[in-house]
$ cat final07.txt   # compact mmCIF, C-alpha atoms
# COMPACT_ATOMS: atom_id res chain seq x y z
CA MET A 14 105.87 66.43 182.09
CA ARG A 15 103.07 64.34 183.60
CA ILE A 16 99.91 65.98 184.87
CA MET A 17 99.28 64.88 188.46
CA MET A 18 95.64 63.97 188.98
CA ASN A 19 93.34 61.43 190.62
CA SER A 20 91.88 58.57 188.61
CA THR A 21 88.42 60.18 188.72
CA GLN A 22 89.78 63.27 186.97
CA VAL A 23 91.35 61.45 184.02
CA LEU A 24 88.79 61.94 181.26
CA TYR A 25 91.13 61.57 178.30
CA PHE A 26 94.62 60.46 177.32
CA THR A 27 97.04 62.47 175.20
CA LEU A 28 99.00 60.53 172.56
CA SER A 29 102.37 62.29 172.61
CA ALA A 30 104.04 60.26 169.83
CA TYR A 31 102.27 62.34 167.18
CA PHE A 32 104.09 65.38 165.86
CA ASP A 33 103.28 68.18 163.43
CA THR A 34 103.85 67.07 159.83
CA GLY A 35 102.16 70.00 158.09
CA VAL A 36 100.60 69.19 154.73
CA ILE A 37 102.50 65.85 154.64
CA LYS A 38 99.76 64.50 156.91
CA TYR A 39 97.50 64.17 153.86
CA LEU A 40 100.07 61.89 152.22
CA TYR A 41 100.23 59.81 155.43
CA PHE A 42 96.43 59.69 155.42
CA ILE A 43 96.31 58.41 151.81
CA ILE A 44 99.00 55.76 152.51
CA THR A 45 97.23 54.58 155.68
CA MET A 46 93.84 54.53 153.96
CA SER A 47 95.28 52.55 151.04
CA LEU A 48 96.79 50.00 153.43
CA TYR A 49 93.48 49.58 155.26
CA ILE A 50 91.53 49.17 152.00
CA CYS A 51 94.04 46.51 150.83
CA ILE A 52 93.73 44.66 154.14
CA VAL A 53 89.91 44.70 154.05
CA VAL A 54 89.66 43.73 150.37
CA THR A 55 92.18 40.85 150.51
CA ASN A 56 90.88 39.35 153.74
CA VAL A 57 87.19 39.68 152.84
CA PHE A 58 87.88 38.25 149.38
CA LEU A 59 89.55 35.13 150.79
CA ILE A 60 86.84 34.68 153.45
CA VAL A 61 84.18 34.80 150.70
CA VAL A 62 86.19 32.39 148.50
CA ILE A 63 86.48 29.85 151.34
CA CYS A 64 82.82 30.18 152.34
CA MET A 65 81.47 29.96 148.78
CA HIS A 66 83.45 26.95 147.52
CA ARG A 67 82.69 23.52 148.94
CA SER A 68 86.14 22.22 147.97
CA LEU A 69 87.59 24.56 150.60
CA HIS A 70 85.24 23.43 153.38
CA GLU A 71 88.05 21.54 155.11
CA PRO A 72 89.44 22.13 158.64
CA MET A 73 92.64 23.81 157.39
CA TYR A 74 90.69 26.41 155.39
CA ILE A 75 88.11 26.94 158.13
CA PHE A 76 90.95 27.78 160.52
CA LEU A 77 92.35 30.09 157.85
CA CYS A 78 88.96 31.79 157.62
CA SER A 79 89.10 32.42 161.37
CA LEU A 80 92.60 33.86 160.93
CA PHE A 81 91.45 36.21 158.16
CA MET A 82 88.53 37.37 160.31
CA ASN A 83 90.97 38.17 163.09
CA GLU A 84 93.10 40.24 160.69
CA LEU A 85 89.99 42.27 159.87
CA TYR A 86 89.13 42.61 163.55
CA GLY A 87 92.61 43.77 164.59
CA SER A 88 93.11 46.21 161.73
CA THR A 89 89.67 47.74 162.32
CA GLY A 90 90.67 48.33 165.93
CA LEU A 91 93.56 50.47 164.72
CA PHE A 92 93.21 51.97 161.23
CA PRO A 93 90.02 54.09 161.55
CA PHE A 94 91.48 55.52 164.77
CA LEU A 95 94.82 56.25 163.04
CA LEU A 96 93.09 57.97 160.12
CA ILE A 97 91.23 60.30 162.48
CA GLN A 98 94.37 61.08 164.50
CA ILE A 99 96.49 61.77 161.39
CA LEU A 100 94.12 64.57 160.29
CA SER A 101 93.51 65.87 163.81
CA ASP A 102 95.42 68.77 165.35
CA VAL A 103 94.70 67.56 168.90
CA HIS A 104 95.75 63.99 169.62
CA THR A 105 93.56 62.99 172.52
CA VAL A 106 91.34 59.98 173.14
CA SER A 107 88.63 59.47 175.75
CA VAL A 108 89.33 56.97 178.53
CA PRO A 109 86.48 54.56 177.58
CA PHE A 110 87.54 54.51 173.91
CA CYS A 111 91.18 54.02 174.89
CA PHE A 112 90.32 50.94 176.93
CA LEU A 113 88.10 49.70 174.11
CA GLN A 114 91.09 49.93 171.76
CA VAL A 115 93.31 48.17 174.31
CA PHE A 116 90.75 45.36 174.46
CA SER A 117 90.51 45.13 170.67
CA LEU A 118 94.25 45.11 169.96
CA HIS A 119 95.17 42.72 172.77
CA THR A 120 92.44 40.23 171.88
CA TYR A 121 93.68 40.41 168.29
CA GLY A 122 97.15 39.39 169.43
CA ALA A 123 95.89 36.58 171.67
CA VAL A 124 93.57 35.17 168.99
CA GLU A 125 96.38 35.31 166.42
CA PHE A 126 98.76 33.18 168.47
CA LEU A 127 96.08 30.69 169.54
CA ASN A 128 94.76 30.41 165.97
CA LEU A 129 98.27 29.73 164.66
CA ALA A 130 98.69 27.07 167.38
CA VAL A 131 95.43 25.39 166.36
CA MET A 132 96.53 25.44 162.72
CA SER A 133 99.85 23.80 163.62
CA TYR A 134 97.94 21.09 165.52
CA ASP A 135 95.76 20.54 162.45
CA ARG A 136 98.85 20.18 160.20
CA TYR A 137 100.37 17.80 162.76
CA LEU A 138 97.34 15.49 162.55
CA ALA A 139 97.12 15.74 158.74
CA ILE A 140 100.80 14.90 158.19
CA CYS A 141 101.54 12.53 161.08
CA TYR A 142 98.17 10.70 161.12
CA PRO A 143 96.81 11.00 157.55
CA LEU A 144 94.64 7.86 157.73
CA GLN A 145 93.00 8.87 161.03
CA TYR A 146 92.80 12.59 160.19
CA ASN A 147 89.08 12.71 159.30
CA ARG A 148 88.21 10.85 162.50
CA LEU A 149 90.48 13.00 164.69
CA MET A 150 89.58 16.39 163.18
CA THR A 151 85.77 16.37 162.93
CA SER A 152 83.62 19.39 162.10
CA THR A 153 82.51 19.53 165.75
CA LYS A 154 86.12 19.61 166.93
CA VAL A 155 86.90 22.38 164.43
CA GLY A 156 84.02 24.47 165.79
CA VAL A 157 85.09 23.87 169.40
CA LEU A 158 88.72 24.82 168.70
CA ILE A 159 87.71 28.06 166.98
CA ALA A 160 85.23 28.93 169.74
CA VAL A 161 87.82 28.27 172.47
CA THR A 162 90.39 30.38 170.60
CA TRP A 163 88.12 33.43 170.52
CA LEU A 164 86.30 33.03 173.85
CA PHE A 165 89.46 32.32 175.85
CA SER A 166 91.18 35.38 174.34
CA PHE A 167 88.20 37.65 175.01
CA HIS A 168 87.85 36.43 178.60
CA THR A 169 91.59 36.83 179.29
CA ILE A 170 91.76 40.39 177.96
CA ILE A 171 88.51 41.45 179.66
CA VAL A 172 90.26 40.74 182.98
CA VAL A 173 93.38 42.65 181.84
CA VAL A 174 91.31 45.71 180.89
CA SER A 175 89.23 45.50 184.11
CA LEU A 176 92.38 45.50 186.25
CA SER A 177 93.91 48.42 184.32
CA SER A 178 90.73 50.50 184.39
CA SER A 179 90.58 50.24 188.19
CA LEU A 180 94.05 51.75 188.67
CA GLN A 181 94.55 55.21 190.13
CA LEU A 182 96.41 57.19 187.48
CA CYS A 183 98.87 60.03 188.04
CA GLY A 184 99.09 61.14 184.43
CA ASN A 185 97.34 61.06 181.09
CA ILE A 186 100.20 61.16 178.56
CA ILE A 187 100.77 58.00 176.48
CA ASP A 188 103.95 58.00 174.41
CA LYS A 189 102.41 56.05 171.52
CA VAL A 190 100.19 56.65 168.48
CA TYR A 191 97.53 54.30 169.87
CA CYS A 192 96.43 53.02 173.29
CA GLY A 193 98.40 50.19 174.86
CA ASN A 194 97.72 48.46 178.16
CA TYR A 195 101.26 48.67 179.56
CA ALA A 196 101.49 52.35 178.59
CA ILE A 197 98.43 52.98 180.79
CA VAL A 198 99.73 50.81 183.65
CA LYS A 199 102.96 52.88 183.68
CA LEU A 200 100.84 55.95 184.47
CA ALA A 201 99.51 54.39 187.68
CA CYS A 202 100.42 55.72 191.11
CA SER A 203 98.60 52.87 192.86
CA ASP A 204 99.96 49.36 193.37
CA THR A 205 100.24 47.43 190.08
CA THR A 206 101.39 44.08 191.53
CA VAL A 207 98.13 42.31 190.62
CA ASN A 208 98.27 43.74 187.07
CA ASN A 209 101.86 42.57 186.60
CA ILE A 210 101.20 39.06 187.96
CA TYR A 211 98.05 38.60 185.88
CA GLY A 212 99.88 40.04 182.86
CA LEU A 213 102.55 37.36 183.20
CA ILE A 214 99.92 34.63 183.62
CA SER A 215 97.91 35.79 180.61
CA THR A 216 101.10 36.06 178.52
CA PHE A 217 102.05 32.51 179.52
CA PHE A 218 98.69 31.04 178.47
CA SER A 219 98.14 33.24 175.40
CA ILE A 220 101.66 33.27 173.94
CA ILE A 221 104.12 30.86 175.62
CA ILE A 222 101.89 27.75 175.65
CA PRO A 223 100.79 28.24 171.99
CA LEU A 224 104.45 28.66 170.98
CA ILE A 225 105.42 25.49 172.88
CA LEU A 226 102.57 23.62 171.15
CA ILE A 227 103.70 24.93 167.75
CA LEU A 228 107.32 23.95 168.45
CA TYR A 229 106.27 20.44 169.53
CA THR A 230 104.03 19.85 166.49
CA TYR A 231 106.69 21.03 164.05
CA MET A 232 109.31 18.80 165.64
CA LYS A 233 106.95 15.87 165.04
CA ILE A 234 106.20 17.04 161.48
CA LEU A 235 109.93 17.36 160.66
CA LYS A 236 110.56 13.88 162.06
CA VAL A 237 107.88 12.43 159.76
CA CYS A 238 109.17 14.44 156.79
CA PHE A 239 112.73 13.18 157.15
CA SER A 240 111.60 9.56 157.47
CA GLY A 241 108.72 9.75 154.99
CA SER A 242 108.31 9.79 151.23
CA LYS A 243 108.99 12.65 148.82
CA GLN A 244 105.22 13.21 148.50
CA THR A 245 104.91 13.61 152.28
CA ARG A 246 107.73 16.18 152.31
CA GLN A 247 106.12 18.14 149.45
CA LYS A 248 102.75 18.18 151.25
CA ALA A 249 104.40 19.39 154.46
CA VAL A 250 106.35 22.13 152.68
CA SER A 251 103.34 23.40 150.70
CA THR A 252 101.03 23.66 153.72
CA CYS A 253 103.50 24.50 156.50
CA THR A 254 105.68 27.14 154.82
CA PRO A 255 103.06 29.95 154.86
CA HIS A 256 102.12 29.03 158.43
CA LEU A 257 105.74 29.21 159.62
CA ALA A 258 106.36 32.47 157.74
CA SER A 259 103.23 33.98 159.29
CA LEU A 260 104.25 32.80 162.77
CA LEU A 261 107.80 34.16 162.49
CA ASN A 262 106.57 37.51 161.16
CA PHE A 263 104.02 37.93 163.96
CA SER A 264 106.40 36.70 166.68
CA PHE A 265 109.06 39.21 165.58
CA ALA A 266 106.49 42.02 165.56
CA CYS A 267 105.18 41.09 169.03
CA CYS A 268 108.70 40.82 170.50
CA PHE A 269 109.59 44.27 169.24
CA GLU A 270 106.32 45.73 170.54
CA ILE A 271 106.91 44.23 174.01
CA LEU A 272 110.52 45.48 174.09
CA GLN A 273 109.49 48.93 172.87
CA SER A 274 106.80 49.30 175.54
CA ARG A 275 109.13 48.27 178.38
CA PHE A 276 112.41 49.99 177.49
CA ASP A 277 113.46 53.57 176.82
CA MET A 278 113.24 54.20 173.06
CA SER A 279 114.15 57.91 173.18
CA SER A 280 117.37 57.26 171.24
CA VAL A 281 115.39 55.83 168.31
CA PRO A 282 114.20 58.40 165.71
CA ASN A 283 110.54 59.26 166.31
CA MET A 284 109.29 58.24 162.86
CA LEU A 285 111.16 54.92 162.98
CA ALA A 286 109.79 54.15 166.46
CA ILE A 287 106.24 54.85 165.21
CA LEU A 288 106.66 52.65 162.12
CA LEU A 289 108.11 49.78 164.15
CA SER A 290 105.34 50.01 166.76
CA LEU A 291 102.75 49.81 163.95
CA TYR A 292 104.42 46.81 162.30
CA PHE A 293 102.66 44.50 164.77
CA LEU A 294 99.25 45.73 163.63
CA THR A 295 99.75 46.59 159.95
CA CYS A 296 102.04 44.06 158.30
CA GLN A 297 100.46 40.88 159.67
CA PRO A 298 96.88 41.67 158.46
CA LEU A 299 98.29 42.45 154.99
CA PHE A 300 100.96 39.74 154.98
CA THR A 301 98.67 36.84 156.00
CA PRO A 302 96.10 36.85 153.13
CA VAL A 303 98.77 37.55 150.48
CA LEU A 304 101.00 34.76 151.81
CA TYR A 305 98.27 32.11 152.05
CA GLY A 306 96.63 33.23 148.82
CA LEU A 307 99.88 32.85 146.86
CA LYS A 308 101.46 29.83 148.55
CA MET A 309 98.49 27.49 149.05
CA SER A 310 97.72 25.99 145.65
CA LYS A 311 94.08 25.13 146.35
CA ILE A 312 93.22 28.70 147.35
CA ARG A 313 95.35 30.16 144.55
CA ASN A 314 93.72 27.99 141.87
CA THR A 315 90.21 28.71 143.18
CA CYS A 316 90.94 32.46 143.12
CA LYS A 317 92.30 32.21 139.56
CA ARG A 318 89.17 30.38 138.36
CA LEU A 319 86.93 32.89 140.10
CA LEU A 320 88.74 35.92 138.63
CA SER A 321 88.99 34.44 135.12
CA ALA A 322 85.26 33.62 135.19
CA ASP A 323 84.49 37.24 136.08
CA VAL A 324 86.66 38.47 133.18
$ encode --input "final07.txt" --output "structure tokens"
Amino acid sequence: MRIMMNSTQVLYFTLSAYFDTGVIKYLYFIITMSLYICIVVTNVFLIVVICMHRSLHEPMYIFLCSLFMNELYGSTGLFPFLLIQILSDVHTVSVPFCFLQVFSLHTYGAVEFLNLAVMSYDRYLAICYPLQYNRLMTSTKVGVLIAVTWLFSFHTIIVVVSLSSSLQLCGNIIDKVYCGNYAIVKLACSDTTVNNIYGLISTFFSIIIPLILILYTYMKILKVCFSGSKQTRQKAVSTCTPHLASLLNFSFACCFEILQSRFDMSSVPNMLAILLSLYFLTCQPLFTPVLYGLKMSKIRNTCKRLLSADV
């Protein structure tokens, strides 16, 4: 049952998706901690490998470095909070921290899609215009694309959080294990028309346009592959497969998260609903470095040499 109150009286939110697990919570804590350590170690390791080796100072790997940094950023916005909540008996979060988490997790999602779009554009130039690639993708252009990816996402989500924080709320119960923007908007008893319109606009520019760009570039890449040589097809497969796998994984996770936040999920078992809601923020940060580290030969070979030298 919602607690009726004015917006000035809402000092904290209660996360109602948590339930008493007894001593099993320590097992959940160990599993979550292990996942977070794996995410940090793998992403930091690959960032260091790319930064330390001149052979990897190419646009494709610089964009990958940005992607790995975003995985660290997004997972850090969730995992420390989860670890605290798992061990806690009272699952509440202050309003300022809740909005900080909303900002962190939503910027993570926006940066992820835009970064993947930039990477698809880079592959499009490398495969479709190999002779002009170095002229078209300069170091300055790489820096601008990365800066726009992050700054645009931060600016977009700052507006989203500002609009949500100004709402008059009639409740403080969020049916999730972490703070989500739409979960807060649903608590509002004031008009949310502006929030909904801006939400659609921000979704269009942060998700729909990047997906259209990715679709267009891959149509062009496939056209070149079918009409090109065997070497061209091999190059496209080796560099585009991990990118496509990453995109499909993240798109599926985002679609489920959007559907879950907007529709009644009471018929879904509580534990399954929690696991599926966390898929968006746990699997991608772990999946991305493993996928690129294993599938991209240049990174894989550099890692092998580095590890064998240490041994």
$ atom_distance --input "final07.txt" --atom1 "CA of Ser290 (chain A)" --atom2 "CA of Pro223 (chain A)"
22.8 Å
$ closest_residue --input "final07.txt" --among "A:His104, A:His256, A:His119, A:Lys38" --to "Asp135 (chain A)" --atoms "only C-alpha atoms"
A:His256
$ atom_distance --input "final07.txt" --atom1 "CA of Ala201 (chain A)" --atom2 "CA of Gln181 (chain A)"
5.6 Å
$ residues_around --input "final07.txt" --residues "Gly87 (chain A)" --least-positions-apart "6" --cutoff "12 Å" --atoms "only C-alpha atoms" --output "PyMOL selection string"
chain A and resi 49+52-53+56+80-81+93-94+114-125+291+293-299
$ write_last_selection --input "final07.txt" --atoms "C-alpha atoms" --output "PDB file, in the coordinates of the input"
ATOM      1  CA  TYR A  49      93.480  49.580 155.260  1.00  0.00           C
ATOM      2  CA  ILE A  52      93.730  44.660 154.140  1.00  0.00           C
ATOM      3  CA  VAL A  53      89.910  44.700 154.050  1.00  0.00           C
ATOM      4  CA  ASN A  56      90.880  39.350 153.740  1.00  0.00           C
ATOM      5  CA  LEU A  80      92.600  33.860 160.930  1.00  0.00           C
ATOM      6  CA  PHE A  81      91.450  36.210 158.160  1.00  0.00           C
ATOM      7  CA  PRO A  93      90.020  54.090 161.550  1.00  0.00           C
ATOM      8  CA  PHE A  94      91.480  55.520 164.770  1.00  0.00           C
ATOM      9  CA  GLN A 114      91.090  49.930 171.760  1.00  0.00           C
ATOM     10  CA  VAL A 115      93.310  48.170 174.310  1.00  0.00           C
ATOM     11  CA  PHE A 116      90.750  45.360 174.460  1.00  0.00           C
ATOM     12  CA  SER A 117      90.510  45.130 170.670  1.00  0.00           C
ATOM     13  CA  LEU A 118      94.250  45.110 169.960  1.00  0.00           C
ATOM     14  CA  HIS A 119      95.170  42.720 172.770  1.00  0.00           C
ATOM     15  CA  THR A 120      92.440  40.230 171.880  1.00  0.00           C
ATOM     16  CA  TYR A 121      93.680  40.410 168.290  1.00  0.00           C
ATOM     17  CA  GLY A 122      97.150  39.390 169.430  1.00  0.00           C
ATOM     18  CA  ALA A 123      95.890  36.580 171.670  1.00  0.00           C
ATOM     19  CA  VAL A 124      93.570  35.170 168.990  1.00  0.00           C
ATOM     20  CA  GLU A 125      96.380  35.310 166.420  1.00  0.00           C
ATOM     21  CA  LEU A 291     102.750  49.810 163.950  1.00  0.00           C
ATOM     22  CA  PHE A 293     102.660  44.500 164.770  1.00  0.00           C
ATOM     23  CA  LEU A 294      99.250  45.730 163.630  1.00  0.00           C
ATOM     24  CA  THR A 295      99.750  46.590 159.950  1.00  0.00           C
ATOM     25  CA  CYS A 296     102.040  44.060 158.300  1.00  0.00           C
ATOM     26  CA  GLN A 297     100.460  40.880 159.670  1.00  0.00           C
ATOM     27  CA  PRO A 298      96.880  41.670 158.460  1.00  0.00           C
ATOM     28  CA  LEU A 299      98.290  42.450 154.990  1.00  0.00           C
TER      29      LEU A 299
END
$ closest_residue --input "final07.txt" --among "A:Ile234, A:Leu180, A:Phe276, A:Leu127" --to "Phe217 (chain A)" --atoms "all atoms listed in the file"
A:Leu127
$ residues_near_point --input "final07.txt" --point "(94.3, 63.4, 164.5)" --cutoff "12 Å" --atoms "all atoms listed in the file" --output "PyMOL selection string"
chain A and resi 27-34+38-39+41-42+92-106+190-191
$ atom_distance --input "final07.txt" --atom1 "CA of Val207 (chain A)" --atom2 "CA of Arg275 (chain A)"
17.5 Å
$ closest_residue --input "final07.txt" --among "A:Ser133, A:Ser203, A:Ser166, A:Ser179" --to "Pro255 (chain A)" --atoms "only C-alpha atoms"
A:Ser133
$ closest_residue --input "final07.txt" --among "A:Leu158, A:Pro282, A:Asn185, A:Phe165" --to "Met132 (chain A)" --atoms "all atoms listed in the file"
A:Leu158
$ closest_residue --input "final07.txt" --among "A:Ser88, A:Thr230, A:His66, A:Ile222" --to "Leu138 (chain A)" --atoms "all atoms listed in the file"
A:Thr230
$ closest_residue --input "final07.txt" --among "A:Val131, A:Leu226, A:Ile75, A:Val108" --to "Ser178 (chain A)" --atoms "only C-alpha atoms"
A:Val108
$ residues_around --input "final07.txt" --residues "Cys111 (chain A)" --least-positions-apart "6" --cutoff "9 Å" --atoms "all atoms listed in the file" --output "PyMOL selection string"
chain A and resi 25-26+191-193
$ write_last_selection --input "final07.txt" --atoms "C-alpha atoms" --output "short mmCIF file (atom, residue, chain, number, x, y, z; two decimals), in the coordinates of the input"
data_model
loop_
_atom_site.label_atom_id
_atom_site.label_comp_id
_atom_site.auth_asym_id
_atom_site.auth_seq_id
_atom_site.Cartn_x
_atom_site.Cartn_y
_atom_site.Cartn_z
CA TYR A 25 91.13 61.57 178.30
CA PHE A 26 94.62 60.46 177.32
CA TYR A 191 97.53 54.30 169.87
CA CYS A 192 96.43 53.02 173.29
CA GLY A 193 98.40 50.19 174.86
#
$ residues_around --input "final07.txt" --residues "Pro72 (chain A)" --least-positions-apart "5" --cutoff "9 Å" --atoms "only C-alpha atoms" --output "JSON, numbers by chain"
{"A": [77, 132, 135, 150, 151, 152, 155]}
$ write_last_selection --input "final07.txt" --atoms "C-alpha atoms" --output "CSV table (one decimal), in the frame of the given file"
chain,number,residue,atom,x,y,z
A,77,LEU,CA,92.4,30.1,157.8
A,132,MET,CA,96.5,25.4,162.7
A,135,ASP,CA,95.8,20.5,162.4
A,150,MET,CA,89.6,16.4,163.2
A,151,THR,CA,85.8,16.4,162.9
A,152,SER,CA,83.6,19.4,162.1
A,155,VAL,CA,86.9,22.4,164.4
$ residues_near_point --input "final07.txt" --point "(101.9, 23.5, 157.5)" --cutoff "12 Å" --atoms "all atoms listed in the file" --output "number ranges by chain"
A: 73-74, 77, 129-141, 227, 230-235, 238, 245-260, 305, 308-309
$ axis_aligned_box --input "final07.txt" --around "region 298-312 of chain A" --padding-each-side "8 Å" --output "lines of an AutoDock Vina configuration file"
center_x = 97.3
center_y = 33.8
center_z = 152.1
size_x = 24.2
size_y = 33.3
size_z = 28.8
$ residues_around --input "final07.txt" --residues "Leu200 (chain A)" --least-positions-apart "2" --cutoff "8 Å" --atoms "only C-alpha atoms" --output "list of chain:residue names"
A:Leu182, A:Cys183, A:Gly184, A:Asn185, A:Ile186, A:Ala196, A:Ile197, A:Val198, A:Cys202
